[in-house]
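K.L.:
So that you have it, the file is work_6.tsv, and it contains TSV, C-alpha atoms:
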chain	number	residue	atom	x	y	z
A	1	ALA	CA	0.00	0.00	0.00
A	2	GLN	CA	1.10	3.53	-0.64
A	3	SER	CA	2.17	5.47	2.41
A	4	VAL	CA	4.20	8.42	3.56
A	5	THR	CA	6.08	8.54	6.84
A	6	GLN	CA	7.32	11.66	8.53
A	7	PRO	CA	9.09	10.28	11.58
A	8	ASP	CA	9.47	13.58	13.40
A	9	ILE	CA	6.24	14.97	14.82
A	10	HIS	CA	7.92	18.03	16.30
A	11	ILE	CA	11.24	19.66	15.57
A	12	THR	CA	12.72	22.69	17.32
A	13	VAL	CA	15.62	24.62	15.89
A	14	SER	CA	17.24	27.93	16.64
A	15	GLU	CA	16.93	30.74	14.17
A	16	GLY	CA	19.84	30.62	11.77
A	17	ALA	CA	20.42	26.92	12.27
A	18	SER	CA	20.10	24.40	9.48
A	19	LEU	CA	17.04	22.23	9.10
A	20	GLU	CA	16.29	18.81	7.73
A	21	LEU	CA	12.80	17.30	7.77
A	22	ARG	CA	12.57	13.65	6.95
A	23	CYS	CA	10.13	11.96	4.63
A	24	ASN	CA	10.02	8.31	3.60
A	25	TYR	CA	7.52	6.83	1.23
A	26	SER	CA	6.27	3.48	0.13
A	27	TYR	CA	5.12	3.24	-3.44
A	28	GLY	CA	5.39	0.69	-6.23
A	29	ALA	CA	7.31	2.97	-8.56
A	30	THR	CA	8.91	6.36	-8.32
A	31	PRO	CA	6.04	8.59	-7.32
A	32	TYR	CA	5.59	12.27	-7.66
A	33	LEU	CA	6.82	13.92	-4.47
A	34	PHE	CA	5.81	17.15	-2.84
A	35	TRP	CA	6.46	19.26	0.22
A	36	TYR	CA	3.79	21.61	1.49
A	37	VAL	CA	3.85	24.11	4.34
A	38	GLN	CA	0.84	25.08	6.41
A	39	SER	CA	0.69	27.96	8.86
A	40	PRO	CA	-1.88	27.69	11.66
A	41	GLY	CA	-5.41	27.93	10.33
A	42	GLN	CA	-4.18	28.42	6.82
A	43	GLY	CA	-4.16	26.47	3.58
A	44	LEU	CA	-1.43	24.44	1.94
A	45	GLN	CA	1.40	26.17	0.20
A	46	LEU	CA	3.54	24.17	-2.21
A	47	LEU	CA	7.24	24.46	-1.38
A	48	LEU	CA	8.62	22.19	-4.06
A	49	LYS	CA	7.98	19.09	-6.11
A	50	TYR	CA	9.87	16.27	-7.76
A	51	PHE	CA	8.73	14.43	-10.84
A	52	SER	CA	11.92	13.21	-12.48
A	53	GLY	CA	15.42	14.29	-13.44
A	54	ASP	CA	17.79	16.05	-11.10
A	55	THR	CA	17.31	14.54	-7.66
A	56	LEU	CA	18.02	17.82	-5.87
A	57	VAL	CA	15.14	20.22	-6.30
A	58	GLN	CA	14.95	23.82	-5.30
A	59	GLY	CA	11.81	25.39	-3.96
A	60	ILE	CA	10.51	28.63	-2.63
A	61	LYS	CA	11.65	30.36	0.56
A	62	GLY	CA	15.14	28.87	0.28
A	63	PHE	CA	14.06	25.26	0.71
A	64	GLU	CA	15.45	22.32	-1.18
A	65	ALA	CA	14.79	18.60	-1.14
A	66	GLU	CA	16.72	15.58	-2.30
A	67	PHE	CA	15.15	12.46	-3.73
A	68	LYS	CA	17.00	9.29	-2.84
A	69	ARG	CA	15.54	6.30	-4.58
A	70	SER	CA	17.65	3.78	-2.67
A	71	GLN	CA	16.30	5.08	0.63
A	72	SER	CA	12.79	5.90	-0.59
A	73	SER	CA	13.30	9.31	0.91
A	74	PHE	CA	12.60	12.90	0.01
A	75	ASN	CA	14.02	15.01	2.81
A	76	LEU	CA	13.49	18.73	3.00
A	77	ARG	CA	16.37	21.02	3.92
A	78	LYS	CA	17.09	24.64	4.57
A	79	PRO	CA	20.55	25.95	5.39
A	80	SER	CA	19.42	28.76	7.68
A	81	VAL	CA	16.00	28.85	9.29
A	82	HIS	CA	14.08	32.08	9.84
A	83	TRP	CA	11.51	32.62	12.59
A	84	SER	CA	8.84	32.89	9.90
A	85	ASP	CA	9.49	29.27	8.90
A	86	ALA	CA	7.68	28.07	12.01
A	87	ALA	CA	4.76	26.06	10.64
A	88	GLU	CA	3.67	22.52	9.86
A	89	TYR	CA	5.31	20.75	6.97
A	90	PHE	CA	3.68	17.96	5.01
A	91	CYS	CA	5.34	15.56	2.63
A	92	ALA	CA	3.04	14.08	-0.01
A	93	VAL	CA	3.21	11.38	-2.61
A	94	GLY	CA	1.27	11.72	-5.83
A	95	ALA	CA	0.07	8.64	-7.62
A	96	THR	CA	1.54	8.28	-11.10
A	97	SER	CA	-1.57	6.81	-12.65
A	98	GLY	CA	-5.29	6.69	-12.25
A	99	THR	CA	-6.63	9.72	-10.46
A	100	TYR	CA	-3.21	10.98	-9.40
A	101	LYS	CA	-4.47	11.44	-5.86
A	102	TYR	CA	-2.11	12.66	-3.18
A	103	ILE	CA	-1.24	10.79	-0.02
A	104	PHE	CA	0.03	13.00	2.76
A	105	GLY	CA	2.28	12.29	5.68
A	106	THR	CA	1.26	13.14	9.20
A	107	GLY	CA	3.28	16.32	9.19
A	108	THR	CA	6.18	17.79	11.15
A	109	ARG	CA	5.58	20.82	13.29
A	110	LEU	CA	8.56	23.15	13.24
A	111	LYS	CA	9.26	25.52	16.10
A	112	VAL	CA	11.93	28.17	15.71
A	113	LEU	CA	13.66	29.63	18.73
A	114	ALA	CA	14.79	33.23	18.58
B	1	GLU	CA	-1.94	33.78	-11.27
B	2	PRO	CA	-5.15	31.74	-11.35
B	3	GLU	CA	-6.21	30.30	-8.02
B	4	VAL	CA	-8.67	27.80	-6.66
B	5	THR	CA	-11.19	29.56	-4.47
B	6	GLN	CA	-13.45	28.12	-1.80
B	7	THR	CA	-16.49	29.44	0.00
B	8	PRO	CA	-17.28	29.87	2.76
B	9	SER	CA	-13.97	30.13	4.58
B	10	HIS	CA	-15.66	29.05	7.81
B	11	GLN	CA	-18.97	27.35	8.47
B	12	VAL	CA	-20.62	26.38	11.70
B	13	THR	CA	-23.55	23.99	11.59
B	14	GLN	CA	-25.65	21.87	13.88
B	15	MET	CA	-25.30	18.12	13.88
B	16	GLY	CA	-27.70	16.54	11.42
B	17	GLN	CA	-27.84	19.55	9.15
B	18	GLU	CA	-26.80	19.50	5.52
B	19	VAL	CA	-23.89	21.63	4.35
B	20	ILE	CA	-22.60	22.46	0.91
B	21	LEU	CA	-19.01	23.48	0.48
B	22	ARG	CA	-18.22	25.32	-2.71
B	23	CYS	CA	-15.13	25.46	-4.82
B	24	VAL	CA	-14.27	27.30	-8.00
B	25	PRO	CA	-11.42	25.42	-9.68
B	26	ILE	CA	-8.98	27.04	-12.05
B	27	SER	CA	-10.85	27.66	-15.27
B	28	ASN	CA	-9.09	25.28	-17.67
B	29	HIS	CA	-8.78	22.45	-15.16
B	30	LEU	CA	-10.84	19.34	-15.61
B	31	TYR	CA	-9.83	17.17	-12.65
B	32	PHE	CA	-11.21	18.05	-9.25
B	33	TYR	CA	-10.54	16.74	-5.80
B	34	TRP	CA	-11.69	17.09	-2.22
B	35	TYR	CA	-9.41	16.44	0.73
B	36	ARG	CA	-10.12	16.66	4.44
B	37	GLN	CA	-7.92	17.55	7.38
B	38	ILE	CA	-9.25	16.89	10.85
B	39	LEU	CA	-7.68	19.29	13.34
B	40	GLY	CA	-4.17	18.24	14.19
B	41	GLN	CA	-4.14	15.39	11.71
B	42	LYS	CA	-2.92	14.79	8.20
B	43	VAL	CA	-4.65	15.71	5.00
B	44	GLU	CA	-6.72	12.83	3.63
B	45	PHE	CA	-8.03	12.22	0.14
B	46	LEU	CA	-11.80	12.08	-0.11
B	47	VAL	CA	-12.75	11.97	-3.76
B	48	SER	CA	-11.69	12.78	-7.30
B	49	PHE	CA	-14.04	13.87	-10.05
B	50	TYR	CA	-13.68	13.99	-13.80
B	51	ASN	CA	-16.06	14.23	-16.70
B	52	ASN	CA	-19.04	14.65	-14.39
B	53	GLU	CA	-18.44	11.52	-12.45
B	54	ILE	CA	-16.48	10.27	-9.49
B	55	SER	CA	-13.25	8.65	-10.64
B	56	GLU	CA	-12.09	7.50	-7.22
B	57	LYS	CA	-13.28	7.81	-3.64
B	58	SER	CA	-11.80	6.87	-0.33
B	59	GLU	CA	-13.46	4.81	2.37
B	60	ILE	CA	-14.17	8.07	4.19
B	61	PHE	CA	-16.43	9.17	1.35
B	62	ASP	CA	-19.54	7.29	2.35
B	63	ASP	CA	-23.17	7.81	1.43
B	64	GLN	CA	-23.50	11.03	3.41
B	65	PHE	CA	-21.11	12.72	1.00
B	66	SER	CA	-21.76	13.72	-2.58
B	67	VAL	CA	-20.03	15.89	-5.14
B	68	GLU	CA	-21.41	17.80	-8.04
B	69	ARG	CA	-20.39	20.19	-10.75
B	70	PRO	CA	-23.63	22.11	-11.02
B	71	ASP	CA	-22.38	24.50	-13.69
B	72	GLY	CA	-19.26	25.24	-15.67
B	73	SER	CA	-17.38	26.84	-12.84
B	74	ASN	CA	-18.38	25.42	-9.45
B	75	PHE	CA	-17.54	22.13	-7.81
B	76	THR	CA	-19.40	21.30	-4.61
B	77	LEU	CA	-19.13	18.88	-1.73
B	78	LYS	CA	-22.37	18.14	0.06
B	79	ILE	CA	-22.52	16.52	3.46
B	80	ARG	CA	-26.06	15.34	3.95
B	81	SER	CA	-26.41	14.86	7.67
B	82	THR	CA	-23.40	16.22	9.44
B	83	LYS	CA	-21.82	14.49	12.41
B	84	LEU	CA	-19.49	15.88	15.01
B	85	GLU	CA	-16.61	14.00	13.44
B	86	ASP	CA	-17.12	15.83	10.15
B	87	SER	CA	-15.57	18.89	11.76
B	88	ALA	CA	-12.46	19.50	9.70
B	89	MET	CA	-10.81	21.68	7.14
B	90	TYR	CA	-11.92	20.73	3.65
B	91	PHE	CA	-9.62	21.46	0.75
B	92	CYS	CA	-10.60	21.54	-2.88
B	93	ALA	CA	-7.96	20.99	-5.55
B	94	SER	CA	-7.90	20.95	-9.32
B	95	SER	CA	-5.52	19.96	-12.06
B	96	GLU	CA	-5.13	20.21	-15.81
B	97	ILE	CA	-5.88	17.21	-17.94
B	98	GLN	CA	-2.38	17.31	-19.40
B	99	ARG	CA	-0.63	17.77	-16.06
B	100	ARG	CA	-2.67	15.83	-13.59
B	101	GLN	CA	0.29	15.27	-11.31
B	102	THR	CA	0.18	18.88	-10.19
B	103	GLN	CA	-2.84	19.77	-8.11
B	104	TYR	CA	-3.60	23.30	-7.06
B	105	PHE	CA	-5.19	23.60	-3.65
B	106	GLY	CA	-7.72	26.11	-2.47
B	107	PRO	CA	-7.45	27.87	0.89
B	108	GLY	CA	-9.89	25.50	2.55
B	109	THR	CA	-13.23	25.69	4.34
B	110	ARG	CA	-13.17	25.13	8.05
B	111	LEU	CA	-16.32	23.27	9.05
B	112	LEU	CA	-17.38	23.06	12.66
B	113	VAL	CA	-20.25	20.75	13.57
B	114	LEU	CA	-21.84	21.40	16.95
Write out the structure in this file as structure tokens.
P.N.:
Amino acid sequence: AQSVTQPDIHITVSEGASLELRCNYSYGATPYLFWYVQSPGQGLQLLLKYFSGDTLVQGIKGFEAEFKRSQSSFNLRKPSVHWSDAAEYFCAVGATSGTYKYIFGTGTRLKVLA
Amino acid sequence: EPEVTQTPSHQVTQMGQEVILRCVPISNHLYFYWYRQILGQKVEFLVSFYNNEISEKSEIFDDQFSVERPDGSNFTLKIRSTKLEDSAMYFCASSEIQRRQTQYFGPGTRLLVL
């Protein structure tokens, strides 16, 4: 069955520190991969996506993610976190056939210390 | 840039009442989706819709739910007899027929059932 695992429910980092949010997926083939950010009470904002090609993808707000097929991972990184990055981050897998529905992970809540 | 819009942004209803959540997908998109996010939980796929029919639905999407495209621009989710556990944020999404892997999400409707 298709699934997405975000092993870290909460992460706290200091402002200016680097960040890595983990995402592992289970899917029969290479899926489409996404990271979304959600501020409290708000909608989903797409940070970046991976379909194929270069395994390191750049997104908005200085985020990047690396697809590692051997590890079934798509971890999100940022070299220097800003206080405004505090939010919930969701990794999602998109089906590559049929209805192309998305399957989301349970999310990682990021807290940034001043 | 075209956006998916949803109305209302918030809705409060009494248990047992019917609610209709409305979405206006991006104008040239032909695939439509509803997702649900119960407070503090992950985003879950409810249903996909194409060519005036449901193409896939999850086990959550039972007989109390229905979707409709009543005209050329709106896409609605009806919950016939709301239950307390229907309280959630409901997201609409749409995608182009040629690029179904990329879904564009609306800002969500927060439904509270009392």
K.L.:
Using only C-alpha atoms and a cut-off of 9 Å, which residues of chain B sit close to chain A? Please list them as a count of residues only.
P.N.:
26
K.L.:
Near segment 3-18 of chain B, within 9 Å and counting all atoms listed in the file, which residues show up once chain neighbours fewer than 3 positions away are dropped, as an MDAnalysis selection string?
P.N.:
chainID B and resid 21:27 78:84 89 91:94 104:114
K.L.:
Using only C-alpha atoms, which protein or nucleic acid residues come within 6 Å of Thr108 of chain A? Drop anything in the same chain fewer than 3 positions from it, and give the result as a PyMOL selection string.
P.N.:
chain A and resi 8-10+88-89
K.L.:
Near Thr55 of chain A, counting only C-alpha atoms, which residues have an atom at most 10 Å away, once you skip same-chain residues fewer than 3 positions from it, shown as a compact mmCIF listing (two decimals) with C-alpha atoms, in the coordinates of the input?
P.N.:
# COMPACT_ATOMS: atom_id res chain seq x y z
CA TYR A 50 9.87 16.27 -7.76
CA PHE A 51 8.73 14.43 -10.84
CA SER A 52 11.92 13.21 -12.48
CA GLN A 58 14.95 23.82 -5.30
CA ALA A 65 14.79 18.60 -1.14
CA GLU A 66 16.72 15.58 -2.30
CA PHE A 67 15.15 12.46 -3.73
CA LYS A 68 17.00 9.29 -2.84
CA ARG A 69 15.54 6.30 -4.58
CA PHE A 74 12.60 12.90 0.01
K.L.:
Which residues come within 8 Å of Lys78 of chain A, counting only C-alpha atoms, excluding same-chain residues fewer than 2 positions away, as a compact mmCIF listing (two decimals) with C-alpha atoms, in the frame of the given file?
P.N.:
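Written file, around_33.txt:
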# COMPACT_ATOMS: atom_id res chain seq x y z
CA SER A 18 20.10 24.40 9.48
CA LEU A 19 17.04 22.23 9.10
CA GLU A 20 16.29 18.81 7.73
CA GLY A 62 15.14 28.87 0.28
CA PHE A 63 14.06 25.26 0.71
CA GLU A 64 15.45 22.32 -1.18
CA LEU A 76 13.49 18.73 3.00
CA SER A 80 19.42 28.76 7.68
CA VAL A 81 16.00 28.85 9.29
K.L.:
Please, what distance in Å, to one decimal, runs between atom CA of Asp85 of chain A and atom CA of Ser26 of chain A?
P.N.:
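Those two atoms sit 27.4 Å apart.
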K.L.:
Mind completing segment 78-110 of chain A with N, CA and C atoms? Output as a compact mmCIF listing (two decimals), in the frame of the given file, please?
P.N.:
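Okay, selection07.txt is ready:
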# COMPACT_ATOMS: atom_id res chain seq x y z
N LYS A 78 16.87 23.20 4.70
CA LYS A 78 17.09 24.64 4.57
C LYS A 78 18.35 24.98 5.34
N PRO A 79 19.27 25.70 4.74
CA PRO A 79 20.55 25.95 5.39
C PRO A 79 20.47 26.88 6.60
N SER A 80 19.51 27.81 6.59
CA SER A 80 19.42 28.76 7.68
C SER A 80 17.95 29.11 7.90
N VAL A 81 17.43 28.70 9.03
CA VAL A 81 16.00 28.85 9.29
C VAL A 81 15.69 30.25 9.82
N HIS A 82 14.57 30.77 9.38
CA HIS A 82 14.08 32.08 9.84
C HIS A 82 12.89 31.85 10.75
N TRP A 83 12.63 32.79 11.65
CA TRP A 83 11.51 32.62 12.59
C TRP A 83 10.19 32.42 11.84
N SER A 84 10.08 33.00 10.66
CA SER A 84 8.84 32.89 9.90
C SER A 84 8.64 31.50 9.30
N ASP A 85 9.64 30.64 9.41
CA ASP A 85 9.49 29.27 8.90
C ASP A 85 8.72 28.38 9.87
N ALA A 86 8.44 28.86 11.05
CA ALA A 86 7.68 28.07 12.01
C ALA A 86 6.29 27.77 11.43
N ALA A 87 6.00 26.50 11.30
CA ALA A 87 4.76 26.06 10.64
C ALA A 87 4.73 24.54 10.67
N GLU A 88 3.73 23.98 10.02
CA GLU A 88 3.67 22.52 9.86
C GLU A 88 4.02 22.18 8.42
N TYR A 89 4.82 21.15 8.28
CA TYR A 89 5.31 20.75 6.97
C TYR A 89 4.81 19.35 6.65
N PHE A 90 4.23 19.24 5.45
CA PHE A 90 3.68 17.96 5.01
C PHE A 90 4.40 17.48 3.76
N CYS A 91 4.82 16.24 3.81
CA CYS A 91 5.34 15.56 2.63
C CYS A 91 4.17 14.82 1.99
N ALA A 92 4.13 14.77 0.68
CA ALA A 92 3.04 14.08 -0.01
C ALA A 92 3.57 13.32 -1.20
N VAL A 93 2.93 12.21 -1.45
CA VAL A 93 3.21 11.38 -2.61
C VAL A 93 2.03 11.49 -3.57
N GLY A 94 2.33 11.69 -4.83
CA GLY A 94 1.27 11.72 -5.83
C GLY A 94 1.30 10.45 -6.64
N ALA A 95 0.15 9.84 -6.80
CA ALA A 95 0.07 8.64 -7.62
C ALA A 95 0.45 8.98 -9.06
N THR A 96 1.07 8.03 -9.74
CA THR A 96 1.54 8.28 -11.10
C THR A 96 0.60 7.70 -12.15
N SER A 97 -0.56 7.29 -11.71
CA SER A 97 -1.57 6.81 -12.65
C SER A 97 -2.94 6.96 -12.03
N GLY A 98 -3.94 6.61 -12.79
CA GLY A 98 -5.29 6.69 -12.25
C GLY A 98 -5.69 8.13 -11.99
N THR A 99 -6.13 8.39 -10.80
CA THR A 99 -6.63 9.72 -10.46
C THR A 99 -5.53 10.67 -9.98
N TYR A 100 -4.34 10.16 -9.84
CA TYR A 100 -3.21 10.98 -9.40
C TYR A 100 -3.46 11.60 -8.02
N LYS A 101 -4.18 10.90 -7.18
CA LYS A 101 -4.47 11.44 -5.86
C LYS A 101 -3.19 11.57 -5.05
N TYR A 102 -3.25 12.45 -4.06
CA TYR A 102 -2.11 12.66 -3.18
C TYR A 102 -2.33 11.90 -1.87
N ILE A 103 -1.24 11.39 -1.36
CA ILE A 103 -1.24 10.79 -0.02
C ILE A 103 -0.26 11.60 0.81
N PHE A 104 -0.76 12.12 1.92
CA PHE A 104 0.03 13.00 2.76
C PHE A 104 0.61 12.26 3.95
N GLY A 105 1.76 12.73 4.40
CA GLY A 105 2.28 12.29 5.68
C GLY A 105 1.57 12.99 6.81
N THR A 106 1.93 12.60 8.02
CA THR A 106 1.26 13.14 9.20
C THR A 106 1.77 14.52 9.60
N GLY A 107 2.81 14.97 8.95
CA GLY A 107 3.28 16.32 9.19
C GLY A 107 4.37 16.41 10.26
N THR A 108 5.18 17.45 10.14
CA THR A 108 6.18 17.79 11.15
C THR A 108 5.98 19.24 11.53
N ARG A 109 5.77 19.45 12.81
CA ARG A 109 5.58 20.82 13.29
C ARG A 109 6.93 21.41 13.66
N LEU A 110 7.28 22.50 13.02
CA LEU A 110 8.56 23.15 13.24
C LEU A 110 8.39 24.35 14.16
